[in-house]
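The structure file my_file.cif is reproduced below (mmCIF, C-alpha atoms).
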```
data_my_file
#
loop_
_atom_site.label_atom_id
_atom_site.label_comp_id
_atom_site.auth_asym_id
_atom_site.auth_seq_id
_atom_site.Cartn_x
_atom_site.Cartn_y
_atom_site.Cartn_z
CA GLU C 147 158.56 116.17 64.32
CA ASP C 148 157.82 119.63 62.86
CA ALA C 149 158.78 118.41 59.42
CA GLU C 150 156.44 115.47 59.85
CA ARG C 151 153.58 117.70 60.91
CA ILE C 152 154.15 119.99 57.91
CA SER C 153 154.30 117.15 55.48
CA SER C 154 151.12 115.58 56.84
CA ALA C 155 149.39 118.97 56.48
CA ASP C 156 150.65 119.09 52.89
CA VAL C 157 149.30 115.63 52.25
CA ALA C 158 145.90 116.69 53.61
CA VAL C 159 145.83 119.73 51.31
CA VAL C 160 146.78 117.66 48.30
CA GLU C 161 144.17 115.04 49.20
CA ALA C 162 141.50 117.73 49.50
CA ARG C 163 142.44 119.16 46.10
CA ARG C 164 142.38 115.72 44.53
CA ARG C 165 138.87 115.20 45.88
CA LEU C 166 137.72 118.64 44.61
CA LEU C 167 139.11 117.86 41.18
CA GLU C 168 137.34 114.49 41.07
CA GLU C 169 134.04 116.00 42.22
CA TRP C 170 134.26 118.75 39.62
CA PHE C 171 134.95 116.49 36.66
CA ALA C 172 132.31 114.00 37.80
CA TRP C 173 129.73 116.81 37.83
CA ARG C 174 130.93 118.13 34.45
CA GLU C 175 130.58 114.69 32.91
CA ALA C 176 127.09 114.21 34.33
CA ILE C 177 125.71 117.61 33.31
CA THR C 178 127.33 117.46 29.85
CA GLN C 179 125.67 114.13 29.20
CA GLU C 180 122.33 115.31 30.57
CA VAL C 181 122.29 118.42 28.35
CA ALA C 182 123.39 116.40 25.30
CA GLU C 183 120.43 114.07 25.85
CA GLU C 184 118.06 117.03 26.21
CA ARG C 185 119.35 118.51 22.97
CA GLU C 186 118.73 115.21 21.25
CA ILE C 187 115.15 115.04 22.58
CA TYR C 188 114.40 118.52 21.25
CA GLY C 189 116.17 117.73 17.98
CA LEU C 190 118.66 120.53 18.55
CA PRO C 191 122.27 120.52 17.36
CA ALA C 192 125.01 119.83 19.93
CA ASP C 193 126.52 123.25 19.24
CA PRO C 194 123.81 125.63 17.98
CA ALA C 195 126.26 128.46 17.29
CA ALA C 196 128.49 126.23 15.15
CA GLU C 197 125.46 125.28 13.02
CA LEU C 198 124.53 128.94 12.54
CA ILE C 199 128.05 129.87 11.49
CA LYS C 200 128.14 126.98 9.01
CA ALA C 201 124.85 128.17 7.49
CA LYS C 202 126.11 131.75 7.30
CA ASP C 203 129.37 130.71 5.62
CA ALA C 204 127.46 128.59 3.09
CA GLU C 205 125.29 131.58 2.26
CA HIS C 206 128.33 133.78 1.69
CA ALA C 207 130.00 131.13 -0.46
CA GLY C 208 126.85 131.31 -2.60
CA ASP C 209 127.18 135.09 -2.88
CA ALA C 210 130.76 134.79 -4.08
CA GLU C 211 129.83 132.30 -6.77
CA GLU C 212 127.05 134.52 -8.05
CA GLN C 213 129.47 137.40 -8.36
CA VAL C 214 131.87 135.28 -10.35
CA ILE C 215 129.10 134.38 -12.81
CA GLU C 216 128.33 138.04 -13.37
CA MET D 893 151.61 138.94 30.05
CA ARG D 894 151.94 141.90 27.73
CA PRO D 895 149.10 144.39 28.19
CA ILE D 896 147.66 146.47 25.37
CA LEU D 897 146.10 149.74 26.44
CA LEU D 898 143.07 150.82 24.43
CA SER D 899 142.35 154.51 24.72
CA GLY D 900 139.30 155.56 22.81
CA HIS D 901 136.71 156.11 25.49
CA GLU D 902 136.43 159.36 27.38
CA ARG D 903 134.49 158.09 30.37
CA ALA D 904 134.09 155.01 32.55
CA LEU D 905 133.69 151.64 30.82
CA THR D 906 130.47 149.79 31.58
CA GLN D 907 130.80 146.49 29.70
CA ILE D 908 133.23 144.75 27.36
CA LYS D 909 132.56 141.62 25.35
CA TYR D 910 134.51 139.33 23.01
CA ASN D 911 132.86 137.75 20.00
CA ARG D 912 132.81 133.96 19.77
CA ASP D 913 136.05 133.73 17.76
CA GLY D 914 137.85 135.97 20.23
CA ASP D 915 139.22 138.19 17.44
CA LEU D 916 137.00 141.18 18.21
CA LEU D 917 136.45 143.03 21.47
CA PHE D 918 133.45 145.34 21.88
CA SER D 919 133.32 148.03 24.54
CA VAL D 920 130.73 150.47 25.81
CA SER D 921 131.03 153.40 28.14
CA LYS D 922 129.22 156.28 29.77
CA ASP D 923 130.61 158.46 26.93
CA GLN D 924 127.78 157.20 24.65
CA GLN D 925 130.21 155.37 22.34
CA ILE D 926 130.37 151.77 21.23
CA CYS D 927 133.84 150.74 20.06
CA VAL D 928 135.10 147.56 18.38
CA TRP D 929 138.76 146.59 18.54
CA PHE D 930 140.98 143.86 17.09
CA ALA D 931 141.79 141.74 20.13
CA HIS D 932 145.26 140.71 18.91
CA ASN D 933 146.73 144.21 18.54
CA GLY D 934 144.22 146.62 20.07
CA GLU D 935 143.65 148.50 16.82
CA ARG D 936 140.26 150.22 16.73
CA LEU D 937 138.10 148.89 13.93
CA GLY D 938 135.24 151.29 14.29
CA THR D 939 132.52 152.89 16.37
CA TYR D 940 128.73 152.73 16.34
CA HIS D 941 126.92 156.05 16.63
CA GLY D 942 123.37 156.81 17.66
CA HIS D 943 122.81 156.44 21.40
CA GLN D 944 121.86 159.60 23.28
CA GLY D 945 122.90 158.53 26.78
CA ALA D 946 125.37 156.40 28.73
CA ILE D 947 125.55 152.89 27.30
CA TRP D 948 125.29 150.24 29.98
CA THR D 949 125.51 147.00 28.07
CA ILE D 950 126.30 145.16 24.81
CA ASP D 951 126.22 141.66 23.38
CA VAL D 952 127.29 140.03 20.13
CA ASP D 953 125.26 137.31 18.46
CA PRO D 954 126.98 133.90 18.05
CA THR D 955 127.69 134.49 14.34
CA SER D 956 129.25 137.96 14.91
CA THR D 957 126.70 139.55 12.55
CA ILE D 958 124.63 141.69 14.89
CA LEU D 959 125.49 143.75 17.96
CA ALA D 960 122.86 144.65 20.58
CA SER D 961 123.25 147.59 22.97
CA GLY D 962 121.24 148.96 25.88
CA SER D 963 121.43 152.54 27.12
CA ALA D 964 120.34 155.21 29.58
CA ASP D 965 118.50 156.77 26.61
CA ASN D 966 115.86 154.06 27.26
CA THR D 967 116.53 152.10 24.08
CA ILE D 968 117.84 148.77 22.93
CA ARG D 969 119.49 149.04 19.50
CA LEU D 970 120.68 146.49 17.00
CA TRP D 971 123.68 147.21 14.77
CA GLU D 972 125.21 145.52 11.76
CA ILE D 973 128.71 144.73 13.04
CA LYS D 974 130.44 144.91 9.62
CA THR D 975 129.09 148.29 8.51
CA GLY D 976 128.03 150.06 11.71
CA ARG D 977 124.51 150.47 10.33
CA LEU D 978 121.72 150.90 12.90
CA LEU D 979 119.21 148.13 12.22
CA LYS D 980 116.55 148.59 14.88
CA THR D 981 115.59 150.64 17.94
CA TRP D 982 113.20 149.53 20.67
CA ASP D 983 111.97 152.14 23.18
CA PHE D 984 111.37 151.50 26.89
CA PRO D 985 110.11 153.64 29.76
CA THR D 986 113.45 153.45 31.61
CA ALA D 987 117.16 152.74 31.06
CA VAL D 988 118.33 149.36 29.80
CA LYS D 989 120.99 147.89 32.09
CA ARG D 990 121.72 144.53 30.45
CA VAL D 991 121.17 142.79 27.13
CA GLU D 992 122.02 139.19 26.20
CA PHE D 993 121.46 136.95 23.19
CA SER D 994 120.30 133.37 23.67
CA GLU D 995 122.72 130.60 22.63
CA ASP D 996 121.27 130.43 19.10
CA GLY D 997 120.87 134.20 18.72
CA SER D 998 117.12 133.90 18.11
CA LYS D 999 116.17 135.82 21.24
CA LEU D 1000 117.46 138.84 23.08
CA LEU D 1001 116.68 139.71 26.68
CA GLY D 1002 116.86 143.18 28.14
CA VAL D 1003 116.85 144.26 31.79
CA THR D 1004 115.07 147.57 32.31
CA GLU D 1005 115.68 149.88 35.27
CA LYS D 1006 113.21 150.53 38.10
CA ARG D 1007 112.33 154.22 38.25
CA MET D 1008 109.42 156.71 38.53
CA GLY D 1009 106.56 154.29 39.00
CA HIS D 1010 108.12 151.65 36.77
CA LEU D 1011 109.15 148.30 38.20
CA GLY D 1012 112.30 146.58 37.01
CA THR D 1013 111.54 144.16 34.18
CA ILE D 1014 113.16 141.56 31.96
CA VAL D 1015 111.88 141.81 28.39
CA VAL D 1016 112.39 139.27 25.62
CA LEU D 1017 112.58 140.16 21.92
CA ASP D 1018 112.59 137.85 18.90
CA ILE D 1019 115.64 138.42 16.71
CA LYS D 1020 116.25 137.56 13.08
CA LEU D 1021 119.97 137.10 12.51
CA ASP D 1022 119.71 138.72 9.10
CA VAL D 1023 120.77 142.33 8.59
CA ASP D 1024 118.20 142.84 5.83
CA ALA D 1025 115.23 141.33 7.71
CA GLU D 1026 112.64 143.50 9.41
CA GLN D 1027 112.85 143.01 13.20
CA SER D 1028 109.60 142.67 15.12
CA ASP D 1029 108.48 145.59 17.31
CA GLU D 1030 106.69 143.28 19.68
CA LYS D 1031 108.03 142.13 23.03
CA VAL D 1032 107.35 138.41 23.15
CA MET D 1033 107.61 138.33 26.94
CA THR D 1034 107.86 140.73 29.88
CA ILE D 1035 108.80 139.54 33.34
CA VAL D 1036 107.96 142.10 36.02
CA CYS D 1037 110.07 141.88 39.18
CA GLU D 1038 107.93 143.16 42.02
CA ASP D 1039 110.22 142.32 44.92
CA SER D 1040 113.79 143.27 44.19
CA LYS D 1041 114.77 144.81 40.86
CA PRO D 1042 116.94 142.74 38.53
CA THR D 1043 120.42 144.14 37.90
CA VAL D 1044 121.70 141.47 35.50
CA ALA D 1045 120.21 138.51 33.59
CA GLY D 1046 121.09 135.87 31.04
CA TRP D 1047 119.96 132.78 29.12
CA SER D 1048 120.92 129.28 30.25
CA TYR D 1049 121.72 126.30 28.00
CA LEU D 1050 118.87 125.49 25.57
CA SER D 1051 117.37 128.88 26.55
CA LYS D 1052 115.60 126.77 29.13
CA TYR D 1053 115.94 129.29 31.94
CA ILE D 1054 116.41 132.99 32.32
CA ILE D 1055 118.63 133.59 35.33
CA ALA D 1056 118.58 137.01 36.96
CA GLY D 1057 120.69 138.60 39.69
CA HIS D 1058 118.96 141.16 41.89
CA GLU D 1059 119.71 144.29 43.85
CA ASP D 1060 118.96 142.47 47.13
CA GLY D 1061 121.68 139.85 46.48
CA SER D 1062 119.33 137.08 45.39
CA ILE D 1063 119.23 135.02 42.20
CA SER D 1064 116.07 134.08 40.30
CA GLN D 1065 115.44 131.27 37.89
CA PHE D 1066 112.60 131.88 35.40
CA ASP D 1067 111.17 129.50 32.84
CA GLY D 1068 112.73 130.63 29.53
CA LYS D 1069 109.53 129.96 27.57
CA ASN D 1070 106.74 131.48 29.70
CA GLY D 1071 108.65 133.62 32.20
CA ASP D 1072 107.27 131.87 35.30
CA LEU D 1073 109.38 132.38 38.40
CA LEU D 1074 110.67 128.96 39.42
CA TYR D 1075 113.08 129.86 42.24
CA ASN D 1076 114.41 132.88 44.05
CA ILE D 1077 117.31 132.20 46.38
CA PRO D 1078 119.37 134.59 48.52
CA ILE D 1079 122.89 133.87 47.34
CA HIS D 1080 124.87 136.95 48.26
CA GLU D 1081 124.67 139.03 51.42
CA LEU D 1082 121.29 140.71 51.88
CA ASN D 1083 120.93 144.01 50.00
CA GLN D 1084 124.39 143.74 48.46
CA PRO D 1085 123.62 144.03 44.73
CA ILE D 1086 124.71 141.45 42.20
CA THR D 1087 126.79 143.38 39.68
CA ASP D 1088 127.60 140.77 37.05
CA LEU D 1089 126.56 137.36 35.75
CA GLN D 1090 128.62 135.57 33.11
CA TRP D 1091 128.23 132.08 31.67
CA SER D 1092 130.44 129.06 31.24
CA HIS D 1093 130.95 128.14 27.55
CA ASP D 1094 128.05 125.65 27.63
CA ARG D 1095 125.77 127.84 29.80
CA THR D 1096 125.25 125.11 32.39
CA TYR D 1097 126.80 127.22 35.13
CA PHE D 1098 127.60 130.86 35.69
CA ILE D 1099 129.62 133.21 37.86
CA THR D 1100 128.27 136.16 39.81
CA ALA D 1101 130.01 139.22 41.22
CA SER D 1102 128.60 141.18 44.14
CA LYS D 1103 129.17 144.27 46.21
CA ASP D 1104 129.43 141.87 49.17
CA LYS D 1105 133.05 141.27 48.03
CA THR D 1106 132.46 137.72 46.87
CA SER D 1107 131.94 135.96 43.60
CA LYS D 1108 130.12 132.64 43.28
CA LEU D 1109 129.95 129.80 40.78
CA ILE D 1110 126.36 128.53 40.47
CA THR D 1111 124.58 125.83 38.46
CA ALA D 1112 121.84 126.99 36.08
CA LYS D 1113 119.65 123.94 36.70
CA ASP D 1114 119.44 123.91 40.51
CA LEU D 1115 121.00 127.25 41.48
CA GLU D 1116 123.43 125.26 43.59
CA VAL D 1117 126.44 127.25 44.75
CA LEU D 1118 129.46 125.23 43.64
CA LYS D 1119 132.24 127.63 44.60
CA THR D 1120 132.82 130.91 46.42
CA TYR D 1121 135.69 133.30 45.73
CA PRO D 1122 136.27 135.80 48.55
CA ALA D 1123 137.87 139.17 47.74
CA ASP D 1124 138.72 142.18 49.90
CA THR D 1125 136.87 144.76 47.84
CA PRO D 1126 133.39 145.22 46.33
CA LEU D 1127 133.22 143.37 43.00
CA ASN D 1128 131.81 144.71 39.74
CA SER D 1129 132.53 141.87 37.37
CA ALA D 1130 133.58 138.23 37.11
CA THR D 1131 134.39 135.94 34.21
CA ILE D 1132 135.30 132.29 33.59
CA THR D 1133 138.41 131.51 31.51
CA ARG D 1134 138.71 128.80 28.83
CA LYS D 1135 141.67 126.41 28.48
CA LYS D 1136 142.58 126.94 32.13
CA ASP D 1137 140.26 126.41 35.11
CA TYR D 1138 140.43 129.95 36.41
CA VAL D 1139 138.05 132.79 37.13
CA ILE D 1140 138.91 136.49 36.97
CA LEU D 1141 137.33 139.05 39.30
CA GLY D 1142 137.35 142.82 38.98
CA GLY D 1143 136.28 145.55 41.36
CA GLY D 1144 137.66 148.19 43.67
CA GLN D 1145 136.45 150.87 45.98
CA ALA D 1146 134.92 153.79 44.08
CA ALA D 1147 136.61 157.15 44.73
CA MET D 1148 133.50 158.61 46.33
CA ASP D 1149 133.37 155.76 48.86
CA VAL D 1150 136.77 156.40 50.41
CA THR D 1151 138.38 159.59 51.61
CA THR D 1152 141.74 159.04 49.97
CA THR D 1153 141.95 156.60 47.11
CA SER D 1154 145.39 155.67 45.93
CA ALA D 1155 145.74 152.90 43.36
CA ARG D 1156 146.88 150.56 46.15
CA GLN D 1157 144.10 151.33 48.61
CA GLY D 1158 141.56 151.20 45.86
CA LYS D 1159 142.62 147.64 45.00
CA PHE D 1160 142.26 148.22 41.29
CA GLU D 1161 143.51 144.80 40.26
CA ALA D 1162 142.20 141.90 38.24
CA ARG D 1163 142.26 138.86 40.54
CA PHE D 1164 142.80 135.33 39.30
CA TYR D 1165 141.40 132.41 41.30
CA HIS D 1166 141.53 128.71 40.63
CA LYS D 1167 137.99 127.85 39.60
CA ILE D 1168 137.93 124.44 41.28
CA PHE D 1169 140.17 124.99 44.33
CA GLU D 1170 138.87 128.52 45.07
CA SER D 1171 142.38 129.72 45.89
CA GLU D 1172 143.74 133.03 44.70
CA ILE D 1173 146.53 132.65 42.14
CA GLY D 1174 147.58 136.15 41.23
CA ARG D 1175 146.69 139.76 40.55
CA VAL D 1176 147.22 142.04 37.59
CA ARG D 1177 147.64 145.76 38.19
CA GLY D 1178 147.28 148.63 35.77
CA HIS D 1179 144.03 150.52 36.11
CA PHE D 1180 143.79 153.83 37.94
CA GLY D 1181 140.21 153.25 39.05
CA PRO D 1182 137.88 150.36 39.86
CA LEU D 1183 137.52 147.60 37.27
CA ASN D 1184 133.95 147.84 36.06
CA THR D 1185 134.00 144.94 33.65
CA VAL D 1186 136.20 141.92 32.87
CA ALA D 1187 135.89 139.46 29.99
CA ALA D 1188 137.68 136.24 29.05
CA ASP D 1189 138.49 135.49 25.42
CA PRO D 1190 136.35 132.42 24.45
CA THR D 1191 139.42 130.91 22.74
CA GLY D 1192 141.49 131.21 25.93
CA LYS D 1193 144.21 133.43 24.45
CA SER D 1194 143.57 136.62 26.40
CA TYR D 1195 141.45 138.53 28.86
CA ALA D 1196 140.42 142.17 28.99
CA SER D 1197 139.32 144.64 31.63
CA GLY D 1198 137.49 147.95 31.41
CA GLY D 1199 137.95 150.54 34.13
CA GLU D 1200 136.31 153.51 35.72
CA ASP D 1201 139.46 155.28 34.42
CA GLY D 1202 138.16 155.07 30.83
CA TYR D 1203 140.72 152.52 29.62
CA VAL D 1204 140.39 149.01 28.28
CA ARG D 1205 143.38 146.73 28.82
CA ILE D 1206 143.87 143.49 26.88
CA HIS D 1207 146.30 140.94 28.27
CA HIS D 1208 147.54 138.05 26.15
CA PHE D 1209 148.56 135.03 28.19
CA ASP D 1210 152.13 133.78 27.93
CA LYS D 1211 153.57 130.28 28.13
CA GLY D 1212 154.00 130.37 31.90
CA TYR D 1213 150.29 130.88 32.33
CA TYR D 1214 149.44 127.77 30.30
CA ASP D 1215 152.20 125.66 31.84
CA PHE D 1216 151.28 126.38 35.45
CA MET D 1217 149.48 123.45 37.05
CA TYR D 1218 148.77 122.25 40.57
CA GLU D 1219 150.34 118.92 41.44
CA VAL D 1220 146.98 117.13 41.39
CA GLU D 1221 146.10 118.68 38.02
CA ARG D 1222 149.35 117.41 36.53
CA GLU D 1223 148.68 114.01 38.06
CA ARG D 1224 145.25 113.92 36.40
CA GLN D 1225 146.68 115.12 33.09
CA ASN D 1226 149.33 112.39 33.15
CA LYS D 1227 146.72 109.77 33.92
CA LEU D 1228 144.55 110.93 30.99
CA ASN D 1229 147.56 110.94 28.66
CA GLN D 1230 148.43 107.40 29.72
CA GLN D 1231 144.88 106.23 29.10
CA GLN D 1232 144.90 107.79 25.65
CA GLN D 1233 148.19 106.13 24.81
CA GLN D 1234 146.86 102.78 25.94
CA GLN D 1235 143.73 103.22 23.88
CA ALA D 1236 145.80 104.20 20.86
CA ALA D 1237 147.99 101.15 21.37
CA THR D 1238 145.08 98.70 21.58
CA ALA D 1239 143.22 100.29 18.67
#
```
Show the structure stored in the file as structure tokens.
Amino acid sequence: EDAERISSADVAVVEARRRLLEEWFAWREAITQEVAEEREIYGLPADPAAELIKAKDAEHAGDAEEQVIE
Amino acid sequence: MRPILLSGHERALTQIKYNRDGDLLFSVSKDQQICVWFAHNGERLGTYHGHQGAIWTIDVDPTSTILASGSADNTIRLWEIKTGRLLKTWDFPTAVKRVEFSEDGSKLLGVTEKRMGHLGTIVVLDIKLDVDAEQSDEKVMTIVCEDSKPTVAGWSYLSKYIIAGHEDGSISQFDGKNGDLLYNIPIHELNQPITDLQWSHDRTYFITASKDKTSKLITAKDLEVLKTYPADTPLNSATITRKKDYVILGGGQAAMDVTTTSARQGKFEARFYHKIFESEIGRVRGHFGPLNTVAADPTGKSYASGGEDGYVRIHHFDKGYYDFMYEVERERQNKLNQQQQQQAATA
């Protein structure tokens, strides 16, 4: 009987965690989509930092080429 | 987890920060020094000299070009990361307790201290992410906090909101463009200061740390409290890990607040909690004083802590850390893997 009680408590804990996990990922999906749409409306890149780094790298590649020409 | 001990500071750490790639770790301290370290081996890369008082705060722009710092010498300074050159100094009437770049690095906010007839403010500066450009002297926005002074602040996704944590335990949401106060909500226990505010990778939610011994996960859009992490000691810092759904809290009773402070009584440990289940997973010892600041590597490889003891400790995660999963997490992972396989098969 004790074993049964323990296992049913375990099941409840696992069920609760499963629900928390579902809730979390449902919220993540919703907010990710919402922000992506907002970025699109404002004409902003999905990852602004990635765009900046790309631009910076391109600039530096240009510097290197110029040096080679010299 | 193998810890690397970084000894370079002579006084208490105030803030540490990884750059976006997670290869560099920046640290500031009451000893008026800014240090930069290689995160993988703890080797010191350099220091940035110029501040004339304790340094409270730093931030790195998203391209790892420019470093911003705020100090008790009442200035915000910009530095070229590569060379250590001082690029710009802005003066304020009081100390600067927090600086943070917006997601695209085009703006910097600063939190200024309340003192001697000056109210606490949040100022916004326009930044050019170019080390040769002339930075504007002008503050594009100043938010004056008349009720409770702000202790920490940051930019949400899209720089849509400025979120501030206050001395009275409340959180404010301001319009990121015009500085209008949209909401102020008591989140932590009344008059228990909020000591830290750090963002999720996409800046849609953040974590707070408070002297009320709890840390909370809150949405930027609605200031809804998603999770609460209870600790048994006042908290100074909290951070959200990548790759694994954890949060790391740091704190501890300051020596002056207890009669006898041994390392055990002081609870000088970094605490790991499961971000979604709110349960404590483990603790990491090592510091001889309270943890003033914790930071998670944005690439998920490591975390670091800075203590009142003057040390920074970097911990690289081992395989066991990545492998550990709750039963329901594994179940979800297996389900996702199956779905992917099915999709691959039908494609």
Residue nearest chain C among D:Ser1092, D:Gln1084, D:Ser1102, D:Ser963 (counting only C-alpha atoms):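 Checking each of D:Ser1092, D:Gln1084, D:Ser1102, D:Ser963 against chain C, counting only C-alpha atoms, the winner is D:Ser1092.
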Shell around stretch 178-181 of chain C at 9 Å using all atoms listed in the file, local window under 3 positions removed, as a list in words: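 Residues meeting the cut-off are Trp173, Arg174, Glu175, Glu184, Arg185, Glu186 and Ala192 of chain C; Tyr1049, Leu1050, Asp1094 and Thr1096 of chain D.
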Using all atoms listed in the file, tabulate the residues of chain D lying at most 7 Å from any atom of chain C, each with its closest atom pair and that distance in Å to one decimal, by chain and increasing residue number, as CSV.
```
residue,atom,partner,partner_atom,distance
D:Pro954,CA,C:Ala195,CA,5.5
D:Thr955,CA,C:Ile199,CA,5.4
D:Glu995,CA,C:Ala195,CA,6.8
D:Asp996,CA,C:Pro194,CA,5.5
D:Ile1168,CA,C:Leu167,CA,6.7
D:Phe1169,CA,C:Arg163,CA,6.5
D:Val1220,CA,C:Arg164,CA,5.7
```
Near-stretch 929-946 of chain D list (6 Å; all atoms listed in the file; drop same-chain fewer than 4 positions) as a list of chain:residue names: D:Asp915, D:Leu916, D:Leu917, D:Lys922, D:Asp923, D:Gln924, D:Ser963, D:Ala964, D:Asp965, D:Gly976
Generate the output file for the selected residues, C-alpha atoms, as a PDB file, keeping the file's coordinate frame.
```
ATOM      1  CA  ASP D 915     139.220 138.190  17.440  1.00  0.00           C
ATOM      2  CA  LEU D 916     137.000 141.180  18.210  1.00  0.00           C
ATOM      3  CA  LEU D 917     136.450 143.030  21.470  1.00  0.00           C
ATOM      4  CA  LYS D 922     129.220 156.280  29.770  1.00  0.00           C
ATOM      5  CA  ASP D 923     130.610 158.460  26.930  1.00  0.00           C
ATOM      6  CA  GLN D 924     127.780 157.200  24.650  1.00  0.00           C
ATOM      7  CA  SER D 963     121.430 152.540  27.120  1.00  0.00           C
ATOM      8  CA  ALA D 964     120.340 155.210  29.580  1.00  0.00           C
ATOM      9  CA  ASP D 965     118.500 156.770  26.610  1.00  0.00           C
ATOM     10  CA  GLY D 976     128.030 150.060  11.710  1.00  0.00           C
TER      11      GLY D 976
END
```
Within 10 Å of file point (115.1, 133.2, 32.8), counting only C-alpha atoms, expressed as a list in words: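 I get Leu1001, Ile1014, Val1016, Ile1035, Ala1045, Gly1046, Trp1047, Ser1048, Ser1051, Lys1052, Tyr1053, Ile1054, Ile1055, Ala1056, Ser1064, Gln1065, Phe1066, Asp1067, Gly1068, Lys1069, Asn1070, Gly1071, Asp1072, Leu1073, Leu1074 and Ala1112 of chain D for the residues within 10 Å of that point.
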Atomic distance atom CA of D:Thr1106 - atom CA of D:Leu1141, expressed in Å with one decimal: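 Computing it gives 9.1 Å between the two atoms.
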Given the PyMOL selection byres ((chain D and resi 1133-1138) around 8), the residues it picks as a ChimeraX atom specification: /D:1093,1131-1132,1139-1140,1164-1168,1188-1192,1214
Create the file for the chosen residues now, containing C-alpha atoms and written as a PDB file, keeping the file's coordinate frame.
```pdb
ATOM      1  CA  HIS D1093     130.950 128.140  27.550  1.00  0.00           C
ATOM      2  CA  THR D1131     134.390 135.940  34.210  1.00  0.00           C
ATOM      3  CA  ILE D1132     135.300 132.290  33.590  1.00  0.00           C
ATOM      4  CA  VAL D1139     138.050 132.790  37.130  1.00  0.00           C
ATOM      5  CA  ILE D1140     138.910 136.490  36.970  1.00  0.00           C
ATOM      6  CA  PHE D1164     142.800 135.330  39.300  1.00  0.00           C
ATOM      7  CA  TYR D1165     141.400 132.410  41.300  1.00  0.00           C
ATOM      8  CA  HIS D1166     141.530 128.710  40.630  1.00  0.00           C
ATOM      9  CA  LYS D1167     137.990 127.850  39.600  1.00  0.00           C
ATOM     10  CA  ILE D1168     137.930 124.440  41.280  1.00  0.00           C
ATOM     11  CA  ALA D1188     137.680 136.240  29.050  1.00  0.00           C
ATOM     12  CA  ASP D1189     138.490 135.490  25.420  1.00  0.00           C
ATOM     13  CA  PRO D1190     136.350 132.420  24.450  1.00  0.00           C
ATOM     14  CA  THR D1191     139.420 130.910  22.740  1.00  0.00           C
ATOM     15  CA  GLY D1192     141.490 131.210  25.930  1.00  0.00           C
ATOM     16  CA  TYR D1214     149.440 127.770  30.300  1.00  0.00           C
TER      17      TYR D1214
END
```
Pairwise distance for atom CA of D:Gly1202 and atom CA of D:Gln907, rounded to one decimal in Å: 11.4 Å
Distance of atom CA of D:Phe1216 from atom CA of D:Gly1178, expressed in Å to one decimal place: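 Calculated distance between atom CA of D:Gly1178 and atom CA of D:Phe1216 is 22.6 Å.
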Selected residue of minimal separation from D:Ala1101 among D:Ser1028, D:Asn1076, D:Ser1129, D:Ser899, counting all atoms listed in the file: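 Counting all atoms listed in the file, the residue closest to D:Ala1101 is D:Ser1129.
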Please report, as AutoDock Vina command-line options, the centre and edge lengths in Å to one decimal of an axis-aligned box covering all listed atoms of stretch 190-209 of chain C with 3 Å per side.
```
--center_x 124.3 --center_y 127.5 --center_z 8.5 --size_x 17.3 --size_y 21.3 --size_z 28.8
```
Non-local contacts of D:Leu1183 (7 Å; only C-alpha atoms; under 2 positions in same chain excluded) as a list in words: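 What passes the distance filter is Asn1128, Gly1142, Gly1143, Gly1144, Phe1160, Gly1181, Thr1185, Ser1197, Gly1198, Gly1199 and Glu1200 of chain D.
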For the residues in that selection, give me C-alpha atoms as a PDB file, in the frame of the given file.
```pdb
ATOM      1  CA  ASN D1128     131.810 144.710  39.740  1.00  0.00           C
ATOM      2  CA  GLY D1142     137.350 142.820  38.980  1.00  0.00           C
ATOM      3  CA  GLY D1143     136.280 145.550  41.360  1.00  0.00           C
ATOM      4  CA  GLY D1144     137.660 148.190  43.670  1.00  0.00           C
ATOM      5  CA  PHE D1160     142.260 148.220  41.290  1.00  0.00           C
ATOM      6  CA  GLY D1181     140.210 153.250  39.050  1.00  0.00           C
ATOM      7  CA  THR D1185     134.000 144.940  33.650  1.00  0.00           C
ATOM      8  CA  SER D1197     139.320 144.640  31.630  1.00  0.00           C
ATOM      9  CA  GLY D1198     137.490 147.950  31.410  1.00  0.00           C
ATOM     10  CA  GLY D1199     137.950 150.540  34.130  1.00  0.00           C
ATOM     11  CA  GLU D1200     136.310 153.510  35.720  1.00  0.00           C
TER      12      GLU D1200
END
```
Selection result for the PyMOL selection byres ((chain D and resi 1017) around 7) on this file, as a ChimeraX atom specification: /D:999-1001,1015-1016,1018-1019,1031-1032
Keeping C-alpha atoms, export the residues of the selection given above as a short mmCIF file (atom, residue, chain, number, x, y, z; two decimals), keeping the file's coordinate frame.
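And here is the file that came out, out.cif:
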```cif
data_model
loop_
_atom_site.label_atom_id
_atom_site.label_comp_id
_atom_site.auth_asym_id
_atom_site.auth_seq_id
_atom_site.Cartn_x
_atom_site.Cartn_y
_atom_site.Cartn_z
CA LYS D 999 116.17 135.82 21.24
CA LEU D 1000 117.46 138.84 23.08
CA LEU D 1001 116.68 139.71 26.68
CA VAL D 1015 111.88 141.81 28.39
CA VAL D 1016 112.39 139.27 25.62
CA ASP D 1018 112.59 137.85 18.90
CA ILE D 1019 115.64 138.42 16.71
CA LYS D 1031 108.03 142.13 23.03
CA VAL D 1032 107.35 138.41 23.15
#
```
Neighbour list for D:Asn1083 as a PyMOL selection string, cut-off 9 Å, only C-alpha atoms, skip fewer than 5 positions in-chain: chain D and resi 1058-1062+1104
File dump, residues just selected, C-alpha atoms, as a JSON list (two decimals), in the coordinates of the input:
```json
[["chain", "number", "residue", "atom", "x", "y", "z"],
["D", 1058, "HIS", "CA", 118.96, 141.16, 41.89],
["D", 1059, "GLU", "CA", 119.71, 144.29, 43.85],
["D", 1060, "ASP", "CA", 118.96, 142.47, 47.13],
["D", 1061, "GLY", "CA", 121.68, 139.85, 46.48],
["D", 1062, "SER", "CA", 119.33, 137.08, 45.39],
["D", 1104, "ASP", "CA", 129.43, 141.87, 49.17]]
```
